[in-house]
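To be precise, the following lines are run-v8.txt, and they hold compact mmCIF, C-alpha atoms.
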```
# COMPACT_ATOMS: atom_id res chain seq x y z
CA MET B 5 -161.96 -171.47 41.37
CA TYR B 6 -162.93 -171.34 45.05
CA GLY B 7 -161.34 -173.40 47.80
CA LEU B 8 -161.72 -174.20 51.46
CA ILE B 9 -159.34 -175.77 53.97
CA GLY B 10 -160.97 -176.59 57.28
CA LYS B 11 -160.59 -178.64 60.41
CA MET B 12 -163.49 -180.39 62.09
CA LEU B 13 -163.34 -181.83 65.61
CA ALA B 14 -165.27 -185.04 66.26
CA LYS B 15 -166.71 -186.02 69.58
CA PRO B 16 -164.49 -188.61 71.31
CA GLY B 17 -164.59 -191.94 69.49
CA GLN B 18 -166.65 -190.53 66.61
CA ARG B 19 -163.89 -189.50 64.22
CA ASP B 20 -164.16 -192.46 61.87
CA ALA B 21 -167.96 -192.23 61.76
CA LEU B 22 -167.64 -188.54 60.92
CA ILE B 23 -165.12 -189.30 58.16
CA GLN B 24 -167.44 -191.89 56.63
CA ALA B 25 -170.37 -189.48 56.76
CA MET B 26 -168.36 -186.72 55.08
CA ILE B 27 -167.04 -188.99 52.33
CA SER B 28 -170.20 -190.89 51.51
CA GLY B 29 -172.45 -187.86 51.35
CA THR B 30 -170.27 -185.72 49.10
CA GLN B 31 -169.65 -187.81 45.99
CA ALA B 32 -172.03 -186.12 43.55
CA MET B 33 -171.78 -182.36 43.91
CA PRO B 34 -171.89 -180.26 40.70
CA GLY B 35 -168.91 -177.96 40.38
CA CYS B 36 -166.88 -179.86 42.98
CA LEU B 37 -163.40 -180.46 41.54
CA SER B 38 -161.79 -181.87 44.68
CA TYR B 39 -163.06 -182.82 48.14
CA VAL B 40 -160.57 -184.67 50.32
CA VAL B 41 -161.28 -185.90 53.84
CA ALA B 42 -158.21 -186.66 55.96
CA THR B 43 -157.25 -187.61 59.47
CA ASP B 44 -155.02 -185.30 61.52
CA PRO B 45 -151.94 -187.15 62.82
CA ALA B 46 -151.59 -184.48 65.52
CA ASN B 47 -155.09 -184.92 66.97
CA PRO B 48 -157.04 -188.21 67.07
CA ASP B 49 -160.36 -186.37 67.17
CA ALA B 50 -159.68 -184.00 64.25
CA ILE B 51 -160.24 -184.27 60.53
CA TRP B 52 -159.15 -181.97 57.71
CA ILE B 53 -161.36 -181.30 54.71
CA THR B 54 -159.87 -179.60 51.65
CA GLU B 55 -162.24 -178.51 48.89
CA VAL B 56 -161.93 -177.06 45.40
CA TRP B 57 -164.99 -175.74 43.57
CA SER B 58 -165.39 -174.26 40.10
CA ASP B 59 -166.71 -171.13 41.85
CA VAL B 60 -168.18 -170.02 45.16
CA GLU B 61 -171.71 -170.24 43.78
CA HIS B 62 -171.38 -174.00 43.22
CA HIS B 63 -170.10 -174.39 46.77
CA GLN B 64 -173.04 -172.46 48.16
CA ALA B 65 -175.53 -174.36 45.98
CA SER B 66 -174.10 -177.67 47.21
CA LEU B 67 -175.28 -176.90 50.72
CA LYS B 68 -178.87 -177.15 49.46
CA LEU B 69 -178.49 -180.54 47.75
CA PRO B 70 -180.60 -183.25 49.44
CA ALA B 71 -177.56 -185.55 49.79
CA VAL B 72 -175.54 -182.79 51.41
CA GLN B 73 -178.38 -181.78 53.71
CA ALA B 74 -178.62 -185.43 54.77
CA THR B 75 -174.86 -185.50 55.36
CA ILE B 76 -175.03 -182.37 57.50
CA ALA B 77 -177.86 -183.91 59.54
CA ALA B 78 -175.90 -187.16 59.99
CA ALA B 79 -172.65 -185.40 60.84
CA ARG B 80 -173.96 -182.79 63.26
CA PRO B 81 -174.31 -185.10 66.30
CA LEU B 82 -170.76 -186.38 65.69
CA ILE B 83 -169.14 -182.91 65.67
CA ALA B 84 -167.67 -181.33 68.80
CA GLY B 85 -166.45 -178.17 67.09
CA PHE B 86 -164.33 -176.61 64.41
CA GLY B 87 -160.68 -175.62 64.12
CA GLU B 88 -158.83 -173.64 61.50
CA ARG B 89 -160.69 -172.49 58.40
CA PHE B 90 -159.06 -170.88 55.37
CA GLU B 91 -160.60 -169.74 52.10
CA THR B 92 -158.38 -170.11 49.05
CA GLY B 93 -158.34 -169.24 45.37
CA PRO B 94 -157.11 -172.37 43.58
CA VAL B 95 -155.24 -171.64 40.37
CA GLY B 96 -154.13 -175.02 39.07
CA GLY B 97 -152.21 -178.19 39.75
CA VAL B 98 -152.95 -181.90 39.74
CA GLY B 99 -156.23 -183.69 40.52
CA LEU B 100 -158.72 -181.00 39.62
CA GLY B 101 -160.44 -182.92 36.85
CA ARG B 102 -162.97 -185.68 37.24
CA MET G 265 -152.36 -191.84 51.78
CA TYR G 266 -150.20 -188.96 52.94
CA GLY G 267 -151.14 -185.30 52.73
CA LEU G 268 -149.71 -181.87 53.27
CA ILE G 269 -151.35 -178.47 53.67
CA GLY G 270 -148.91 -175.59 53.64
CA LYS G 271 -148.62 -171.87 53.16
CA MET G 272 -145.76 -170.24 51.28
CA LEU G 273 -145.01 -166.52 51.39
CA ALA G 274 -143.71 -164.91 48.21
CA LYS G 275 -141.46 -161.91 48.11
CA PRO G 276 -143.46 -158.75 47.28
CA GLY G 277 -144.69 -158.83 43.69
CA GLN G 278 -143.50 -162.40 43.13
CA ARG G 279 -146.62 -164.33 44.08
CA ASP G 280 -147.82 -165.06 40.56
CA ALA G 281 -144.35 -166.09 39.41
CA LEU G 282 -144.14 -168.43 42.40
CA ILE G 283 -147.54 -169.92 41.58
CA GLN G 284 -146.51 -170.55 37.98
CA ALA G 285 -143.27 -172.18 39.10
CA MET G 286 -145.08 -174.46 41.55
CA ILE G 287 -147.74 -175.51 39.01
CA SER G 288 -145.52 -176.03 35.98
CA GLY G 289 -142.87 -178.05 37.76
CA THR G 290 -145.18 -180.48 39.52
CA GLN G 291 -147.26 -182.07 36.77
CA ALA G 292 -145.56 -185.48 36.50
CA MET G 293 -144.88 -186.83 39.97
CA PRO G 294 -145.40 -190.58 40.54
CA GLY G 295 -147.75 -191.26 43.45
CA CYS G 296 -149.13 -187.72 43.47
CA LEU G 297 -152.92 -187.92 43.61
CA SER G 298 -153.63 -184.22 44.12
CA TYR G 299 -151.48 -181.08 44.15
CA VAL G 300 -153.41 -177.81 44.22
CA VAL G 301 -151.82 -174.37 44.22
CA ALA G 302 -154.05 -171.52 45.41
CA THR G 303 -153.93 -167.85 46.22
CA ASP G 304 -154.76 -166.66 49.74
CA PRO G 305 -157.53 -164.05 49.70
CA ALA G 306 -156.34 -162.85 53.12
CA ASN G 307 -152.73 -162.15 52.07
CA PRO G 308 -151.64 -160.97 48.60
CA ASP G 309 -148.16 -162.46 49.09
CA ALA G 310 -149.28 -165.91 50.28
CA ILE G 311 -150.12 -169.12 48.47
CA TRP G 312 -151.59 -172.37 49.77
CA ILE G 313 -150.46 -175.74 48.49
CA THR G 314 -152.50 -178.83 49.33
CA GLU G 315 -151.04 -182.23 48.42
CA VAL G 316 -152.21 -185.85 48.47
CA TRP G 317 -149.76 -188.69 47.87
CA SER G 318 -150.26 -192.44 47.74
CA ASP G 319 -147.80 -192.65 50.64
CA VAL G 320 -145.06 -190.62 52.32
CA GLU G 321 -142.35 -192.47 50.39
CA HIS G 322 -143.65 -191.15 47.06
CA HIS G 323 -143.69 -187.64 48.49
CA GLN G 324 -140.10 -187.96 49.67
CA ALA G 325 -139.00 -189.51 46.36
CA SER G 326 -140.58 -186.63 44.44
CA LEU G 327 -138.14 -184.20 46.01
CA LYS G 328 -135.36 -185.95 44.09
CA LEU G 329 -137.01 -185.80 40.67
CA PRO G 330 -135.09 -183.56 38.24
CA ALA G 331 -138.25 -181.54 37.41
CA VAL G 332 -138.95 -180.97 41.10
CA GLN G 333 -135.33 -180.07 41.84
CA ALA G 334 -135.54 -177.53 39.00
CA THR G 335 -138.79 -176.19 40.47
CA ILE G 336 -137.22 -175.81 43.90
CA ALA G 337 -134.28 -173.94 42.36
CA ALA G 338 -136.61 -171.65 40.39
CA ALA G 339 -138.91 -171.03 43.34
CA ARG G 340 -136.31 -170.42 46.04
CA PRO G 341 -135.44 -166.80 45.07
CA LEU G 342 -139.18 -165.99 44.96
CA ILE G 343 -139.92 -167.24 48.49
CA ALA G 344 -139.86 -164.94 51.52
CA GLY G 345 -140.85 -167.60 54.03
CA PHE G 346 -143.38 -170.17 55.11
CA GLY G 347 -146.60 -170.09 57.11
CA GLU G 348 -148.78 -172.84 58.48
CA ARG G 349 -147.90 -176.45 57.67
CA PHE G 350 -150.07 -179.44 58.50
CA GLU G 351 -149.53 -183.11 57.74
CA THR G 352 -152.70 -185.10 57.05
CA GLY G 353 -153.81 -188.66 56.44
CA PRO G 354 -156.23 -188.50 53.49
CA VAL G 355 -158.88 -191.21 53.58
CA GLY G 356 -161.10 -190.54 50.56
CA GLY G 357 -163.25 -188.09 48.74
CA VAL G 358 -163.40 -186.56 45.29
CA GLY G 359 -160.52 -185.77 42.90
CA LEU G 360 -157.97 -188.33 44.05
CA GLY G 361 -157.80 -190.20 40.77
CA ARG G 362 -155.93 -189.18 37.65
```
Represent the structure of the file as structure tokens.
Amino acid sequence: MYGLIGKMLAKPGQRDALIQAMISGTQAMPGCLSYVVATDPANPDAIWITEVWSDVEHHQASLKLPAVQATIAAARPLIAGFGERFETGPVGGVGLGR
Amino acid sequence: MYGLIGKMLAKPGQRDALIQAMISGTQAMPGCLSYVVATDPANPDAIWITEVWSDVEHHQASLKLPAVQATIAAARPLIAGFGERFETGPVGGVGLGR
């Protein structure tokens, strides 16, 4: 499996709109086993996104899906920048099925 | 929802044993919506654990479950230390059901 942990920084006042964009546009992605969008209690403009994919190829292919391209277009004007980003190699656990 | 993102550092050569301990002991935790154990491609001794709970109370209660207490006891001698730790407030996404 292939995983990502990343922080996104919204423009002031745009965090909730960014969260909604990231959730609504990412519901039907082949090979996506987990995709969780979260607020950051330490920063009112930040969100965390944690992702688990069956493999890196499915993650890369997702970026070309029309729904994801639309999400990227909708999210871009809401984003001020990016914070931490970590790649991971998920092995197992809870919540990786559908 | 309540979330955690954290890095654990295994003693040299103990990473896979630590991963197995963390996966096998955490399969039946009430209120746990996601619990993913992953390797860290950037550090052969590190693992990432990302967690989503229905609320912080279920996370705290889990630490008292016999299976989790046994996991902590089994994992402790394998752990060299801890890295990053972030609390999150998960809002939605994929993979949060059972």
Could you superpose chain G on chain B by least squares over every Cα, matched in sequence order, and send it back as an mmCIF file with C-alpha atoms, in the coordinates of the input?
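Result went into superposed_0.cif, see below:
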```
data_model
loop_
_atom_site.group_PDB
_atom_site.id
_atom_site.type_symbol
_atom_site.label_atom_id
_atom_site.label_comp_id
_atom_site.auth_asym_id
_atom_site.auth_seq_id
_atom_site.Cartn_x
_atom_site.Cartn_y
_atom_site.Cartn_z
ATOM 1 C CA MET G 265 -161.959 -171.497 41.396
ATOM 2 C CA TYR G 266 -162.912 -171.349 45.053
ATOM 3 C CA GLY G 267 -161.333 -173.409 47.808
ATOM 4 C CA LEU G 268 -161.713 -174.205 51.458
ATOM 5 C CA ILE G 269 -159.341 -175.770 53.975
ATOM 6 C CA GLY G 270 -160.958 -176.589 57.286
ATOM 7 C CA LYS G 271 -160.583 -178.643 60.415
ATOM 8 C CA MET G 272 -163.490 -180.394 62.105
ATOM 9 C CA LEU G 273 -163.333 -181.841 65.612
ATOM 10 C CA ALA G 274 -165.265 -185.040 66.265
ATOM 11 C CA LYS G 275 -166.707 -186.014 69.588
ATOM 12 C CA PRO G 276 -164.480 -188.608 71.317
ATOM 13 C CA GLY G 277 -164.607 -191.933 69.490
ATOM 14 C CA GLN G 278 -166.659 -190.525 66.613
ATOM 15 C CA ARG G 279 -163.898 -189.495 64.229
ATOM 16 C CA ASP G 280 -164.168 -192.456 61.878
ATOM 17 C CA ALA G 281 -167.957 -192.227 61.755
ATOM 18 C CA LEU G 282 -167.629 -188.532 60.921
ATOM 19 C CA ILE G 283 -165.125 -189.290 58.163
ATOM 20 C CA GLN G 284 -167.439 -191.885 56.635
ATOM 21 C CA ALA G 285 -170.368 -189.473 56.760
ATOM 22 C CA MET G 286 -168.366 -186.707 55.082
ATOM 23 C CA ILE G 287 -167.034 -188.991 52.318
ATOM 24 C CA SER G 288 -170.216 -190.887 51.507
ATOM 25 C CA GLY G 289 -172.464 -187.855 51.338
ATOM 26 C CA THR G 290 -170.274 -185.723 49.102
ATOM 27 C CA GLN G 291 -169.661 -187.816 45.994
ATOM 28 C CA ALA G 292 -172.045 -186.120 43.537
ATOM 29 C CA MET G 293 -171.767 -182.363 43.897
ATOM 30 C CA PRO G 294 -171.907 -180.267 40.696
ATOM 31 C CA GLY G 295 -168.907 -177.952 40.384
ATOM 32 C CA CYS G 296 -166.874 -179.854 42.970
ATOM 33 C CA LEU G 297 -163.405 -180.459 41.546
ATOM 34 C CA SER G 298 -161.780 -181.866 44.682
ATOM 35 C CA TYR G 299 -163.056 -182.814 48.140
ATOM 36 C CA VAL G 300 -160.561 -184.667 50.323
ATOM 37 C CA VAL G 301 -161.270 -185.899 53.836
ATOM 38 C CA ALA G 302 -158.206 -186.659 55.969
ATOM 39 C CA THR G 303 -157.244 -187.615 59.476
ATOM 40 C CA ASP G 304 -155.019 -185.303 61.525
ATOM 41 C CA PRO G 305 -151.937 -187.130 62.809
ATOM 42 C CA ALA G 306 -151.590 -184.473 65.524
ATOM 43 C CA ASN G 307 -155.099 -184.920 66.979
ATOM 44 C CA PRO G 308 -157.031 -188.218 67.081
ATOM 45 C CA ASP G 309 -160.366 -186.363 67.175
ATOM 46 C CA ALA G 310 -159.680 -183.998 64.257
ATOM 47 C CA ILE G 311 -160.228 -184.271 60.527
ATOM 48 C CA TRP G 312 -159.141 -181.979 57.703
ATOM 49 C CA ILE G 313 -161.343 -181.296 54.709
ATOM 50 C CA THR G 314 -159.858 -179.597 51.656
ATOM 51 C CA GLU G 315 -162.240 -178.510 48.887
ATOM 52 C CA VAL G 316 -161.937 -177.062 45.382
ATOM 53 C CA TRP G 317 -164.997 -175.750 43.552
ATOM 54 C CA SER G 318 -165.395 -174.254 40.099
ATOM 55 C CA ASP G 319 -166.693 -171.126 41.841
ATOM 56 C CA VAL G 320 -168.181 -170.015 45.159
ATOM 57 C CA GLU G 321 -171.721 -170.248 43.777
ATOM 58 C CA HIS G 322 -171.391 -174.005 43.231
ATOM 59 C CA HIS G 323 -170.104 -174.387 46.775
ATOM 60 C CA GLN G 324 -173.049 -172.449 48.172
ATOM 61 C CA ALA G 325 -175.526 -174.356 45.983
ATOM 62 C CA SER G 326 -174.119 -177.672 47.210
ATOM 63 C CA LEU G 327 -175.284 -176.904 50.728
ATOM 64 C CA LYS G 328 -178.863 -177.159 49.461
ATOM 65 C CA LEU G 329 -178.497 -180.533 47.751
ATOM 66 C CA PRO G 330 -180.601 -183.240 49.439
ATOM 67 C CA ALA G 331 -177.561 -185.563 49.786
ATOM 68 C CA VAL G 332 -175.531 -182.792 51.409
ATOM 69 C CA GLN G 333 -178.391 -181.785 53.705
ATOM 70 C CA ALA G 334 -178.625 -185.443 54.767
ATOM 71 C CA THR G 335 -174.860 -185.490 55.352
ATOM 72 C CA ILE G 336 -175.034 -182.367 57.494
ATOM 73 C CA ALA G 337 -177.846 -183.917 59.545
ATOM 74 C CA ALA G 338 -175.898 -187.167 59.986
ATOM 75 C CA ALA G 339 -172.648 -185.403 60.827
ATOM 76 C CA ARG G 340 -173.965 -182.792 63.251
ATOM 77 C CA PRO G 341 -174.311 -185.099 66.311
ATOM 78 C CA LEU G 342 -170.755 -186.371 65.682
ATOM 79 C CA ILE G 343 -169.137 -182.914 65.663
ATOM 80 C CA ALA G 344 -167.654 -181.341 68.793
ATOM 81 C CA GLY G 345 -166.462 -178.172 67.092
ATOM 82 C CA PHE G 346 -164.335 -176.609 64.408
ATOM 83 C CA GLY G 347 -160.688 -175.616 64.113
ATOM 84 C CA GLU G 348 -158.820 -173.645 61.502
ATOM 85 C CA ARG G 349 -160.683 -172.501 58.390
ATOM 86 C CA PHE G 350 -159.062 -170.884 55.374
ATOM 87 C CA GLU G 351 -160.610 -169.743 52.113
ATOM 88 C CA THR G 352 -158.380 -170.111 49.050
ATOM 89 C CA GLY G 353 -158.346 -169.247 45.372
ATOM 90 C CA PRO G 354 -157.112 -172.386 43.581
ATOM 91 C CA VAL G 355 -155.246 -171.639 40.367
ATOM 92 C CA GLY G 356 -154.109 -175.030 39.059
ATOM 93 C CA GLY G 357 -152.239 -178.185 39.756
ATOM 94 C CA VAL G 358 -152.956 -181.893 39.741
ATOM 95 C CA GLY G 359 -156.238 -183.695 40.523
ATOM 96 C CA LEU G 360 -158.727 -180.981 39.620
ATOM 97 C CA GLY G 361 -160.413 -182.917 36.847
ATOM 98 C CA ARG G 362 -162.973 -185.671 37.209
#
```
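Atom pair CA of Met286 in chain G / CA of Gly35 in chain B: separated by 24.1 Å.
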| query | Counting all atoms listed in the file, which residues of chain B come no farther than 10 Å from chain G, as a PyMOL selection string? | reply | chain B and resi 5-7+9+20+23-24+26-33+36-46+51-56+90-102
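CA of Ala274 in chain G is positioned 5.2 Å from CA of Asp309 in chain G.
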| Exercise: Ala285 in chain G partners within 8 Å, all atoms listed in the file, chain neighbours under 3 positions left out, as a PyMOL selection string | chain G and resi 281-282+288-289+335+338-339
| Contacts of Met272 in chain G at 6 Å or less, counting all atoms listed in the file, minus same-chain residues fewer than 6 places along, as a VMD selection string? | chain G and resid 310 to 311 346 to 347
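Our summary of the geometry notes that CA of Val320 in chain G is positioned 28.1 Å from CA of Lys15 in chain B.
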